[in-house]
Amino acid sequence: MTENIVDHDPNCLFCKIVAGQIPSKLVYQDDEIYAFHDIHPWAPVHFLLIPKQHIASMAQLTDAQAALMGRMMVLAPKLALAQGCNPYPAGGFRLLCNTGAEGGQEVPHLHIHVMGGPRPWLRG
Ligand code: AMP
Ligand code: ZN
């Protein structure tokens, strides 16, 4: 049974990555946030920014997660530049947060795709 918001869901792929049970290429981590390279990148820079806590998707968010989500949004531009995205405005980056089946979400642990780098990209 997969819960919507818990500290760790033993059946969740991204919880296993946070726990080090599945390898990942680390971009960043702190107490609350983990970032790692997407295994099938669409763009020269493509990493995923996730809460360490298991939150299934944006659909489960409440005010209790407002500060965490704010921290992720403020962190994204800094990590994008550190990972090789070119500066705004000629460069920039794309954030994508697929939510639910019709939103194209495949892994049910909230994640923000951060993509950037010179075009063309494979997708997106
Ligand atoms: P989404 O369709 O938004 O749920 O995206 C899930 C993303 O997770 C895809 O871009 C996958 O390439 C990526 N992904 C799946 N498994 C792994 C993994 N083990 N390590 C890194 N990225 C992964
Ligand atoms: Zn999870």
# chains A, B, ... in the order shown; residues from 1 in each chain; ligands from 1
>>> residues_near_ligand(ligand="ligand 1", cutoff="12 Å", atoms="only C-alpha atoms and all ligand atoms", output="compact mmCIF listing (two decimals) with all heavy atoms, in the first residue's frame")
# COMPACT_ATOMS: atom_id res chain seq x y z
N CYS A 12 8.47 2.87 -2.72
CA CYS A 12 8.62 4.00 -3.65
C CYS A 12 10.05 4.08 -4.18
O CYS A 12 11.02 4.09 -3.42
CB CYS A 12 8.25 5.30 -2.92
SG CYS A 12 8.68 6.78 -3.85
N LEU A 13 10.15 4.17 -5.51
CA LEU A 13 11.46 4.25 -6.17
C LEU A 13 12.29 5.42 -5.66
O LEU A 13 13.48 5.28 -5.35
CB LEU A 13 11.23 4.38 -7.69
CG LEU A 13 12.44 4.61 -8.57
CD1 LEU A 13 13.37 3.40 -8.53
CD2 LEU A 13 12.01 4.91 -10.00
N PHE A 14 11.68 6.61 -5.57
CA PHE A 14 12.47 7.78 -5.18
C PHE A 14 12.79 7.77 -3.68
O PHE A 14 13.84 8.28 -3.28
CB PHE A 14 11.78 9.07 -5.62
CG PHE A 14 11.83 9.32 -7.11
CD1 PHE A 14 11.15 10.39 -7.68
CD2 PHE A 14 12.57 8.50 -7.96
CE1 PHE A 14 11.19 10.63 -9.05
CE2 PHE A 14 12.62 8.72 -9.34
CZ PHE A 14 11.92 9.80 -9.88
N CYS A 15 11.93 7.19 -2.85
CA CYS A 15 12.29 7.00 -1.44
C CYS A 15 13.50 6.08 -1.33
O CYS A 15 14.38 6.29 -0.47
CB CYS A 15 11.11 6.44 -0.65
SG CYS A 15 9.83 7.65 -0.26
N LYS A 16 13.55 5.06 -2.17
CA LYS A 16 14.71 4.16 -2.15
C LYS A 16 15.97 4.89 -2.60
O LYS A 16 17.06 4.65 -2.08
CB LYS A 16 14.45 2.94 -3.06
CG LYS A 16 13.41 1.99 -2.53
CD LYS A 16 13.19 0.84 -3.50
CE LYS A 16 12.03 -0.04 -3.06
NZ LYS A 16 11.67 -1.02 -4.09
N ILE A 17 15.84 5.80 -3.54
CA ILE A 17 16.99 6.62 -3.96
C ILE A 17 17.46 7.51 -2.81
O ILE A 17 18.66 7.57 -2.52
CB ILE A 17 16.64 7.42 -5.23
CG1 ILE A 17 16.65 6.47 -6.44
CG2 ILE A 17 17.60 8.60 -5.44
CD1 ILE A 17 16.29 7.12 -7.77
N VAL A 18 16.53 8.17 -2.14
CA VAL A 18 16.89 9.02 -1.00
C VAL A 18 17.60 8.21 0.08
O VAL A 18 18.59 8.65 0.68
CB VAL A 18 15.63 9.72 -0.41
CG1 VAL A 18 15.95 10.39 0.91
CG2 VAL A 18 15.06 10.74 -1.40
N GLY A 20 19.41 5.64 -0.37
CA GLY A 20 20.64 5.05 -0.86
C GLY A 20 20.50 3.58 -1.23
O GLY A 20 21.49 2.90 -1.48
N GLN A 21 19.27 3.09 -1.28
CA GLN A 21 19.02 1.68 -1.63
C GLN A 21 19.10 1.45 -3.13
O GLN A 21 19.29 0.33 -3.59
CB GLN A 21 17.65 1.23 -1.10
CG GLN A 21 17.59 1.23 0.43
CD GLN A 21 16.17 1.24 0.96
OE1 GLN A 21 15.23 1.50 0.22
NE2 GLN A 21 16.02 0.98 2.25
N ILE A 22 18.90 2.53 -3.90
CA ILE A 22 19.07 2.51 -5.36
C ILE A 22 20.04 3.64 -5.67
O ILE A 22 19.90 4.74 -5.13
CB ILE A 22 17.71 2.72 -6.07
CG1 ILE A 22 16.83 1.48 -5.87
CG2 ILE A 22 17.90 3.02 -7.55
CD1 ILE A 22 15.45 1.63 -6.47
N PRO A 23 21.06 3.38 -6.50
CA PRO A 23 22.06 4.42 -6.75
C PRO A 23 21.49 5.60 -7.54
O PRO A 23 20.56 5.44 -8.34
CB PRO A 23 23.14 3.70 -7.56
CG PRO A 23 22.51 2.46 -8.08
CD PRO A 23 21.35 2.12 -7.20
N SER A 24 22.07 6.77 -7.31
CA SER A 24 21.71 7.95 -8.09
C SER A 24 22.94 8.84 -8.20
O SER A 24 23.87 8.71 -7.42
CB SER A 24 20.56 8.71 -7.42
OG SER A 24 20.97 9.23 -6.17
N LYS A 25 22.91 9.71 -9.18
CA LYS A 25 23.99 10.70 -9.34
C LYS A 25 23.53 11.98 -8.64
O LYS A 25 22.72 12.74 -9.15
CB LYS A 25 24.27 10.94 -10.82
CG LYS A 25 25.07 9.80 -11.46
CD LYS A 25 25.19 9.96 -12.97
CE LYS A 25 25.93 11.23 -13.37
NZ LYS A 25 25.90 11.41 -14.86
N LEU A 26 24.11 12.20 -7.45
CA LEU A 26 23.66 13.29 -6.58
C LEU A 26 23.99 14.66 -7.17
O LEU A 26 25.10 14.90 -7.65
CB LEU A 26 24.33 13.15 -5.22
CG LEU A 26 23.95 14.17 -4.16
CD1 LEU A 26 22.50 13.95 -3.70
CD2 LEU A 26 24.89 14.10 -2.97
N VAL A 27 23.01 15.54 -7.11
CA VAL A 27 23.21 16.96 -7.45
C VAL A 27 23.29 17.79 -6.17
O VAL A 27 24.13 18.68 -6.05
CB VAL A 27 22.06 17.45 -8.36
CG1 VAL A 27 22.05 18.97 -8.49
CG2 VAL A 27 22.15 16.79 -9.73
N TYR A 34 16.33 16.56 -1.87
CA TYR A 34 17.33 15.72 -2.54
C TYR A 34 17.21 16.02 -4.03
O TYR A 34 16.11 16.17 -4.56
CB TYR A 34 17.01 14.25 -2.26
CG TYR A 34 18.09 13.26 -2.60
CD1 TYR A 34 19.06 12.90 -1.67
CD2 TYR A 34 18.12 12.66 -3.85
CE1 TYR A 34 20.05 11.97 -1.97
CE2 TYR A 34 19.10 11.72 -4.17
CZ TYR A 34 20.06 11.38 -3.21
OH TYR A 34 21.04 10.46 -3.52
N ALA A 35 18.34 16.11 -4.73
CA ALA A 35 18.33 16.34 -6.18
C ALA A 35 19.32 15.39 -6.83
O ALA A 35 20.43 15.20 -6.33
CB ALA A 35 18.67 17.79 -6.50
N PHE A 36 18.92 14.80 -7.97
CA PHE A 36 19.75 13.81 -8.65
C PHE A 36 19.46 13.85 -10.14
O PHE A 36 18.39 14.27 -10.58
CB PHE A 36 19.48 12.40 -8.07
CG PHE A 36 18.04 11.95 -8.16
CD1 PHE A 36 17.64 11.01 -9.09
CD2 PHE A 36 17.08 12.47 -7.30
CE1 PHE A 36 16.32 10.59 -9.17
CE2 PHE A 36 15.75 12.06 -7.37
CZ PHE A 36 15.38 11.12 -8.30
N HIS A 37 20.44 13.39 -10.91
CA HIS A 37 20.31 13.43 -12.37
C HIS A 37 19.25 12.44 -12.86
O HIS A 37 19.19 11.29 -12.39
CB HIS A 37 21.65 13.12 -13.03
CG HIS A 37 22.66 14.20 -12.84
ND1 HIS A 37 22.69 15.35 -13.61
CD2 HIS A 37 23.64 14.35 -11.93
CE1 HIS A 37 23.67 16.13 -13.20
NE2 HIS A 37 24.27 15.55 -12.17
N ASP A 38 18.43 12.90 -13.81
CA ASP A 38 17.45 12.00 -14.42
C ASP A 38 18.18 10.94 -15.23
O ASP A 38 19.15 11.22 -15.94
CB ASP A 38 16.50 12.80 -15.32
CG ASP A 38 15.26 11.99 -15.67
OD1 ASP A 38 15.38 10.99 -16.43
OD2 ASP A 38 14.17 12.34 -15.19
N ILE A 39 17.72 9.70 -15.11
CA ILE A 39 18.39 8.57 -15.75
C ILE A 39 18.23 8.60 -17.27
O ILE A 39 19.05 8.04 -18.00
CB ILE A 39 17.87 7.25 -15.13
CG1 ILE A 39 18.88 6.14 -15.28
CG2 ILE A 39 16.52 6.84 -15.69
CD1 ILE A 39 18.61 4.93 -14.38
N HIS A 40 17.18 9.27 -17.76
CA HIS A 40 16.95 9.42 -19.21
C HIS A 40 16.80 10.91 -19.53
O HIS A 40 15.68 11.40 -19.74
CB HIS A 40 15.70 8.66 -19.65
CG HIS A 40 15.82 7.17 -19.53
ND1 HIS A 40 14.90 6.39 -18.88
CD2 HIS A 40 16.79 6.32 -19.97
CE1 HIS A 40 15.29 5.12 -18.92
NE2 HIS A 40 16.42 5.05 -19.57
N PRO A 41 17.91 11.62 -19.58
CA PRO A 41 17.82 13.09 -19.74
C PRO A 41 17.23 13.51 -21.08
O PRO A 41 17.52 12.92 -22.10
CB PRO A 41 19.29 13.54 -19.61
CG PRO A 41 20.11 12.32 -19.86
CD PRO A 41 19.28 11.14 -19.47
N TRP A 42 16.40 14.54 -21.03
CA TRP A 42 15.80 15.13 -22.23
C TRP A 42 16.64 16.29 -22.75
O TRP A 42 16.44 16.78 -23.84
CB TRP A 42 14.43 15.74 -21.93
CG TRP A 42 13.37 14.81 -21.47
CD1 TRP A 42 13.47 13.48 -21.18
CD2 TRP A 42 12.00 15.17 -21.24
NE1 TRP A 42 12.25 13.00 -20.78
CE2 TRP A 42 11.34 14.00 -20.81
CE3 TRP A 42 11.29 16.37 -21.36
CZ2 TRP A 42 9.97 14.01 -20.50
CZ3 TRP A 42 9.94 16.37 -21.05
CH2 TRP A 42 9.30 15.21 -20.62
N ALA A 43 17.52 16.80 -21.91
CA ALA A 43 18.22 18.04 -22.20
C ALA A 43 19.65 17.90 -21.68
O ALA A 43 19.93 17.01 -20.87
CB ALA A 43 17.51 19.20 -21.50
N HIS A 46 19.57 17.91 -16.93
CA HIS A 46 18.24 17.38 -16.56
C HIS A 46 18.38 16.64 -15.23
O HIS A 46 18.93 15.55 -15.17
CB HIS A 46 17.70 16.44 -17.63
CG HIS A 46 16.27 16.00 -17.36
ND1 HIS A 46 15.57 15.25 -18.28
CD2 HIS A 46 15.42 16.21 -16.32
CE1 HIS A 46 14.34 15.00 -17.80
NE2 HIS A 46 14.24 15.57 -16.61
N PHE A 47 17.88 17.29 -14.19
CA PHE A 47 17.88 16.63 -12.88
C PHE A 47 16.52 16.78 -12.23
O PHE A 47 15.66 17.56 -12.70
CB PHE A 47 19.01 17.15 -11.98
CG PHE A 47 18.96 18.62 -11.68
CD1 PHE A 47 18.31 19.10 -10.56
CD2 PHE A 47 19.59 19.54 -12.51
CE1 PHE A 47 18.28 20.46 -10.25
CE2 PHE A 47 19.56 20.90 -12.23
CZ PHE A 47 18.90 21.36 -11.10
N LEU A 48 16.30 15.99 -11.19
CA LEU A 48 15.03 15.97 -10.48
C LEU A 48 15.24 16.49 -9.07
O LEU A 48 16.21 16.10 -8.40
CB LEU A 48 14.48 14.54 -10.42
CG LEU A 48 14.28 13.84 -11.77
CD1 LEU A 48 13.86 12.38 -11.57
CD2 LEU A 48 13.24 14.57 -12.62
N LEU A 49 14.34 17.35 -8.65
CA LEU A 49 14.38 17.95 -7.32
C LEU A 49 13.21 17.37 -6.55
O LEU A 49 12.06 17.48 -7.00
CB LEU A 49 14.24 19.46 -7.52
CG LEU A 49 14.57 20.47 -6.47
CD1 LEU A 49 15.98 20.29 -5.94
CD2 LEU A 49 14.42 21.87 -7.07
N ILE A 50 13.47 16.71 -5.42
CA ILE A 50 12.39 16.04 -4.71
C ILE A 50 12.47 16.34 -3.20
O ILE A 50 13.55 16.58 -2.67
CB ILE A 50 12.42 14.50 -4.92
CG1 ILE A 50 13.59 13.82 -4.21
CG2 ILE A 50 12.44 14.16 -6.41
CD1 ILE A 50 13.55 12.29 -4.27
N ALA A 56 3.20 12.07 -2.52
CA ALA A 56 2.91 11.37 -3.77
C ALA A 56 2.94 12.31 -4.98
O ALA A 56 3.46 11.95 -6.04
CB ALA A 56 1.57 10.65 -3.67
N SER A 57 2.38 13.50 -4.83
CA SER A 57 2.34 14.44 -5.96
C SER A 57 1.96 15.81 -5.45
O SER A 57 1.67 15.99 -4.25
CB SER A 57 1.31 13.98 -7.00
OG SER A 57 0.01 14.37 -6.59
N MET A 58 1.88 16.77 -6.36
CA MET A 58 1.42 18.11 -5.96
C MET A 58 -0.02 18.09 -5.47
O MET A 58 -0.43 18.97 -4.71
CB MET A 58 1.56 19.09 -7.12
CG MET A 58 2.99 19.51 -7.37
SD MET A 58 3.10 20.98 -8.38
CE MET A 58 2.62 22.23 -7.18
N LEU A 95 11.18 24.18 -15.72
CA LEU A 95 10.71 23.35 -14.61
C LEU A 95 9.44 22.65 -15.04
O LEU A 95 8.58 23.26 -15.69
CB LEU A 95 10.41 24.20 -13.38
CG LEU A 95 11.54 25.05 -12.80
CD1 LEU A 95 11.08 25.72 -11.50
CD2 LEU A 95 12.78 24.22 -12.55
N LEU A 96 9.32 21.37 -14.66
CA LEU A 96 8.16 20.58 -15.04
C LEU A 96 7.78 19.70 -13.86
O LEU A 96 8.65 19.04 -13.27
CB LEU A 96 8.53 19.71 -16.25
CG LEU A 96 7.50 18.74 -16.78
CD1 LEU A 96 6.30 19.49 -17.35
CD2 LEU A 96 8.13 17.89 -17.88
N CYS A 97 6.52 19.72 -13.51
CA CYS A 97 6.07 18.91 -12.36
C CYS A 97 4.81 18.15 -12.76
O CYS A 97 3.69 18.63 -12.57
CB CYS A 97 5.83 19.84 -11.17
SG CYS A 97 5.63 18.95 -9.62
N ASN A 98 5.01 17.00 -13.38
CA ASN A 98 3.90 16.17 -13.83
C ASN A 98 3.13 15.66 -12.62
O ASN A 98 3.73 15.20 -11.64
CB ASN A 98 4.43 14.98 -14.64
CG ASN A 98 5.15 15.42 -15.90
OD1 ASN A 98 4.78 16.41 -16.52
ND2 ASN A 98 6.19 14.70 -16.28
N THR A 99 1.80 15.74 -12.69
CA THR A 99 0.96 15.37 -11.54
C THR A 99 -0.19 14.50 -11.99
O THR A 99 -1.04 14.94 -12.77
CB THR A 99 0.44 16.65 -10.87
OG1 THR A 99 1.55 17.46 -10.48
CG2 THR A 99 -0.39 16.32 -9.63
N GLY A 100 -0.20 13.26 -11.51
CA GLY A 100 -1.29 12.34 -11.83
C GLY A 100 -1.16 11.73 -13.22
O GLY A 100 -0.31 12.14 -14.02
N ALA A 101 -2.00 10.75 -13.48
CA ALA A 101 -1.90 10.01 -14.73
C ALA A 101 -2.09 10.92 -15.94
O ALA A 101 -1.31 10.88 -16.90
CB ALA A 101 -2.93 8.88 -14.74
N GLU A 102 -3.12 11.77 -15.89
CA GLU A 102 -3.36 12.64 -17.03
C GLU A 102 -2.33 13.77 -17.11
O GLU A 102 -2.17 14.38 -18.16
CB GLU A 102 -4.79 13.19 -16.98
CG GLU A 102 -5.82 12.07 -17.21
CD GLU A 102 -7.26 12.56 -17.21
OE1 GLU A 102 -7.53 13.73 -16.87
OE2 GLU A 102 -8.13 11.73 -17.56
N GLY A 103 -1.63 13.99 -16.02
CA GLY A 103 -0.53 14.95 -16.03
C GLY A 103 0.79 14.34 -16.47
O GLY A 103 1.81 15.02 -16.50
N GLY A 104 0.76 13.04 -16.77
CA GLY A 104 1.97 12.39 -17.28
C GLY A 104 2.94 11.94 -16.20
O GLY A 104 4.10 11.66 -16.49
N GLN A 105 2.46 11.85 -14.95
CA GLN A 105 3.35 11.43 -13.85
C GLN A 105 3.51 9.91 -13.86
O GLN A 105 2.53 9.18 -13.82
CB GLN A 105 2.77 11.89 -12.50
CG GLN A 105 3.69 11.57 -11.33
CD GLN A 105 3.13 12.04 -9.99
OE1 GLN A 105 1.98 12.46 -9.90
NE2 GLN A 105 3.95 11.98 -8.96
N GLU A 106 4.77 9.48 -13.88
CA GLU A 106 5.06 8.04 -13.87
C GLU A 106 5.54 7.57 -12.50
O GLU A 106 5.26 6.43 -12.11
CB GLU A 106 6.10 7.70 -14.94
CG GLU A 106 5.52 7.89 -16.35
CD GLU A 106 6.51 7.61 -17.45
OE1 GLU A 106 7.69 7.36 -17.14
OE2 GLU A 106 6.10 7.69 -18.62
N VAL A 107 6.28 8.39 -11.79
CA VAL A 107 6.79 8.01 -10.46
C VAL A 107 6.00 8.79 -9.41
O VAL A 107 6.07 10.03 -9.36
CB VAL A 107 8.30 8.30 -10.33
CG1 VAL A 107 8.79 7.92 -8.93
CG2 VAL A 107 9.09 7.56 -11.40
N PRO A 108 5.23 8.08 -8.55
CA PRO A 108 4.36 8.77 -7.60
C PRO A 108 5.08 9.23 -6.33
O PRO A 108 4.73 8.86 -5.21
CB PRO A 108 3.27 7.73 -7.30
CG PRO A 108 3.95 6.42 -7.49
CD PRO A 108 5.00 6.63 -8.57
N HIS A 109 6.13 10.05 -6.52
CA HIS A 109 6.80 10.78 -5.44
C HIS A 109 7.07 12.14 -6.06
O HIS A 109 7.78 12.23 -7.09
CB HIS A 109 8.08 10.05 -5.05
CG HIS A 109 8.88 10.71 -3.94
ND1 HIS A 109 9.34 10.01 -2.83
CD2 HIS A 109 9.32 11.98 -3.79
CE1 HIS A 109 10.03 10.83 -2.05
NE2 HIS A 109 10.04 12.05 -2.62
N LEU A 110 6.53 13.19 -5.47
CA LEU A 110 6.60 14.53 -6.04
C LEU A 110 8.02 14.86 -6.52
O LEU A 110 8.98 14.67 -5.76
CB LEU A 110 6.15 15.55 -4.99
CG LEU A 110 5.87 16.98 -5.43
CD1 LEU A 110 4.94 17.65 -4.43
CD2 LEU A 110 7.11 17.81 -5.63
N HIS A 111 8.14 15.30 -7.75
CA HIS A 111 9.45 15.68 -8.28
C HIS A 111 9.30 16.81 -9.27
O HIS A 111 8.34 16.86 -10.03
CB HIS A 111 10.17 14.50 -8.93
CG HIS A 111 9.36 13.75 -9.93
ND1 HIS A 111 8.40 12.83 -9.56
CD2 HIS A 111 9.36 13.78 -11.27
CE1 HIS A 111 7.85 12.32 -10.65
NE2 HIS A 111 8.40 12.89 -11.71
N ILE A 112 10.26 17.71 -9.23
CA ILE A 112 10.32 18.81 -10.20
C ILE A 112 11.47 18.51 -11.15
O ILE A 112 12.62 18.38 -10.72
CB ILE A 112 10.55 20.16 -9.48
CG1 ILE A 112 9.41 20.44 -8.49
CG2 ILE A 112 10.66 21.29 -10.51
CD1 ILE A 112 9.64 21.69 -7.63
N HIS A 113 11.15 18.38 -12.44
CA HIS A 113 12.20 18.25 -13.44
C HIS A 113 12.83 19.62 -13.65
O HIS A 113 12.11 20.62 -13.83
CB HIS A 113 11.61 17.82 -14.79
CG HIS A 113 11.00 16.45 -14.82
ND1 HIS A 113 11.63 15.37 -15.38
CD2 HIS A 113 9.80 16.00 -14.39
CE1 HIS A 113 10.84 14.31 -15.29
NE2 HIS A 113 9.72 14.66 -14.70
N VAL A 114 14.15 19.68 -13.66
CA VAL A 114 14.86 20.92 -14.00
C VAL A 114 15.69 20.61 -15.24
O VAL A 114 16.55 19.72 -15.21
CB VAL A 114 15.77 21.40 -12.87
CG1 VAL A 114 16.42 22.73 -13.23
CG2 VAL A 114 14.99 21.52 -11.56
N MET A 115 15.37 21.29 -16.34
CA MET A 115 16.01 21.02 -17.62
C MET A 115 16.59 22.30 -18.21
O MET A 115 15.97 23.37 -18.10
CB MET A 115 14.99 20.45 -18.61
CG MET A 115 14.56 19.04 -18.27
SD MET A 115 13.17 18.52 -19.27
CE MET A 115 11.83 19.16 -18.30
N ARG A 123 13.74 16.19 -25.97
CA ARG A 123 12.31 16.41 -25.78
C ARG A 123 12.14 17.68 -24.95
O ARG A 123 13.07 18.12 -24.30
CB ARG A 123 11.64 15.27 -24.99
CG ARG A 123 11.56 13.96 -25.72
CD ARG A 123 11.11 12.85 -24.78
NE ARG A 123 9.72 13.02 -24.34
CZ ARG A 123 9.15 12.25 -23.40
NH1 ARG A 123 9.84 11.29 -22.83
NH2 ARG A 123 7.91 12.44 -23.05
N GLY A 124 10.94 18.22 -24.94
CA GLY A 124 10.59 19.28 -23.99
C GLY A 124 10.93 20.68 -24.42
O GLY A 124 11.68 20.93 -25.33
>>> select_by_dssp(residues="chain A", states="strand (DSSP E)", output="ChimeraX atom specification")
/A:5-6,26-29,33-37,45-51,54-55,93-96,112-116
>>> atom_distance(atom1="CA of Ile33 (chain A)", atom2="CA of Leu122 (chain A)")
27.0 Å
>>> closest_residue(among="A:Pro77, A:Gly84, A:Pro120, A:Gly92", to="Val45 (chain A)", atoms="only C-alpha atoms")
A:Gly84
>>> atom_distance(atom1="CA of Ile55 (chain A)", atom2="CA of Asp7 (chain A)")
8.4 Å
>>> select_by_dssp(residues="region 10-123 of chain A", states="helix (DSSP H, G or I)", output="list in words")
Leu13, Phe14, Cys15, Lys16, Ile17, Val18, Met58, Ala59, Gln60, Asp63, Ala64, Gln65, Ala66, Ala67, Leu68, Met69, Gly70, Arg71, Met72, Met73, Val74, Leu75, Ala76, Pro77, Lys78, Leu79, Ala80, Leu81 and Ala82 of chain A
>>> closest_residue(among="A:Gln29, A:Asn86, A:Asn11, A:Gln60", to="ligand 2", atoms="only C-alpha atoms and all ligand atoms")
A:Asn11
